[in-house]
Amino acid sequence: MNKTKMLKPLMVLAFSQVLMWSCCDKSELDPNAALDHSVDKVQQVLPKLTEYNMYPRCVEDGEKEWHTVGVDDWCSGFWPGVLWYAYEQSGDEKIKEKAELFNAPLKKIAFSPAYDHDIGFQLYCSYGNGYRLTGNPEYKKILLAAADTLATLYNPNVGTIWSWPRKKEYPYNTIIDNMMNLELLFWASKNGGSQKLHDIAVSHAKVTMENIVRPDYSAYHLGSFDDQTGEFLRGVAHQGYKDNSMWARGQTWGIYGFAIAYRESKVEEFLETSIKMTDKFLERLPEDGIPYWDFDAPVTDSTPKDASAAAVAACGMLELYYLVDDDQLKTKYYNASVQLLSLLTTDTYLSKEKNDAILLRSTGHMPKNSEVEVPIVYADYYYMEALLKLKKIQATTK
Ligand code: GLY
């Protein structure tokens, strides 16, 4: 579709949503104060974490302290990422030293055979931020190796990365989350890696857009393909409620992932996909403004929320703020993002003294009854990422 045609109805929607969001007082959110609070939290918790190859993942129900996991866990990169963001905000050299210590054991992932697509989360959140903030040449080498390792999972017959080779119940699979791990490939191709890495990322995003994103711009969690012909076989819920439902975090991986894919490739359809996935997300938000774990799950008093989806969506919409040309759309996504972050920065979602995490109430894998409405480290990571993005936007528009 031509871009002007596409944007017209969106502008009408944008205007109505700008009005909708303008009813709420967003001047209350001070990203600097919220970031300082996050840094305080990190400084309080750090002395308890002395095994640098064990990474906070979640706070289990009834507990106060982080449950930690090893290097190979898909969440291992988020804690070093939180530390790099805390260092970025505070300039505290002690936090930087800890970030380096927690980064170090992850190096082996870059130089081992690829286990799954999570190499992107594990290495880009840790070494990617570390390299951005320090320029350490050793980190660059590790990131370039990590991108090459991730690319070994690419199947040219399908045109995607094989997200979870170990999950034999879904023959050749690609998941919406994998959109987030293309950033490592795009980065590597611009920083001394092969052009092929860029091409793989573009192909992966196209095939995901055509098959895993549904015509109504909600997404399956997982798509299964014939690994010889590339034929799309079926879409599956996996961590969602049912196969055709809208799993909240998956929707936001798509929002943010396609925005990044557009930023790096300038393929217009990726921008259109991110915008439409965002609009679907905003249209379907419940009255209190924070998504339940799946938009189609039956809602009762005990239906779990997913703060992590709100944090990822806030990042995605602040990315869109930079990418769209239209001022009303910029305002719409900026305001919607501030609204989500404001809601997360309240006593309903901030942990404060309750436990070691920054945020409460994220949901990991509801169908397995695992990590249901508890603090999860990636919510803290994307919350800080969004606040830093917001702070930068505010600094340039004052
Ligand atoms: N990547 C797995 C998840 O979002 O839970």
# chains A, B, ... in the order shown; residues from 1 in each chain; ligands from 1
call {"tool": "residues_near_ligand", "arguments": {"ligand": "ligand 1", "cutoff": "7 Å", "atoms": "only C-alpha atoms and all ligand atoms", "output": "list in words"}}
result
Asp177, Arg249, Gly250, Gly364 and His365 of chain A
call {"tool": "select_by_dssp", "arguments": {"residues": "segment 173-326 of chain A", "states": "alpha helix (DSSP H)", "output": "ChimeraX atom specification"}}
result
/A:182-190,195-211,248-265,268-283,307-323
call {"tool": "select_by_dssp", "arguments": {"residues": "segment 119-215 of chain A", "states": "strand (DSSP E or B)", "output": "VMD selection string"}}
result
chain A and resid 154 to 155 160 to 161 173 to 175 213
call {"tool": "residues_around", "arguments": {"residues": "Tyr256 of chain A", "least_positions_apart": "3", "cutoff": "6 Å", "atoms": "only C-alpha atoms", "output": "mmCIF file with N, CA, C and O atoms, in the first residue's frame"}}
result
data_model
loop_
_atom_site.group_PDB
_atom_site.id
_atom_site.type_symbol
_atom_site.label_atom_id
_atom_site.label_comp_id
_atom_site.auth_asym_id
_atom_site.auth_seq_id
_atom_site.Cartn_x
_atom_site.Cartn_y
_atom_site.Cartn_z
ATOM 1 N N TRP A 253 6.874 -7.756 21.221
ATOM 2 C CA TRP A 253 8.135 -8.102 20.528
ATOM 3 C C TRP A 253 8.002 -7.697 19.061
ATOM 4 O O TRP A 253 8.958 -7.241 18.423
ATOM 5 N N ALA A 259 9.832 -2.176 14.307
ATOM 6 C CA ALA A 259 10.311 -0.779 14.292
ATOM 7 C C ALA A 259 11.831 -0.767 14.088
ATOM 8 O O ALA A 259 12.355 -0.005 13.267
ATOM 9 N N GLY A 316 9.020 0.250 22.084
ATOM 10 C CA GLY A 316 8.679 0.197 20.656
ATOM 11 C C GLY A 316 8.043 1.504 20.196
ATOM 12 O O GLY A 316 8.357 2.024 19.120
#
call {"tool": "residues_around", "arguments": {"residues": "Leu320 of chain A", "least_positions_apart": "5", "cutoff": "10 Å", "atoms": "only C-alpha atoms", "output": "number ranges by chain"}}
result
A: 255-256, 258-260, 262-263, 271, 274-275, 278, 314-315, 325, 329-330, 332-334
call {"tool": "atom_distance", "arguments": {"atom1": "atom CA of Thr50 of chain A", "atom2": "atom CA of Leu144 of chain A"}}
result
28.6 Å
call {"tool": "closest_residue", "arguments": {"among": "A:Trp79, A:Phe270, A:Tyr124, A:Tyr220", "to": "Ile95 of chain A", "atoms": "only C-alpha atoms"}}
result
A:Trp79
call {"tool": "closest_residue", "arguments": {"among": "A:Asn181, A:Ser163, A:Ser224, A:Ser265", "to": "Asp199 of chain A", "atoms": "only C-alpha atoms"}}
result
A:Ser265
call {"tool": "atom_distance", "arguments": {"atom1": "atom CA of Cys125 of chain A", "atom2": "atom CA of Val377 of chain A"}}
result
11.9 Å
call {"tool": "atom_distance", "arguments": {"atom1": "atom CA of Pro47 of chain A", "atom2": "atom CA of Ala104 of chain A"}}
result
18.0 Å
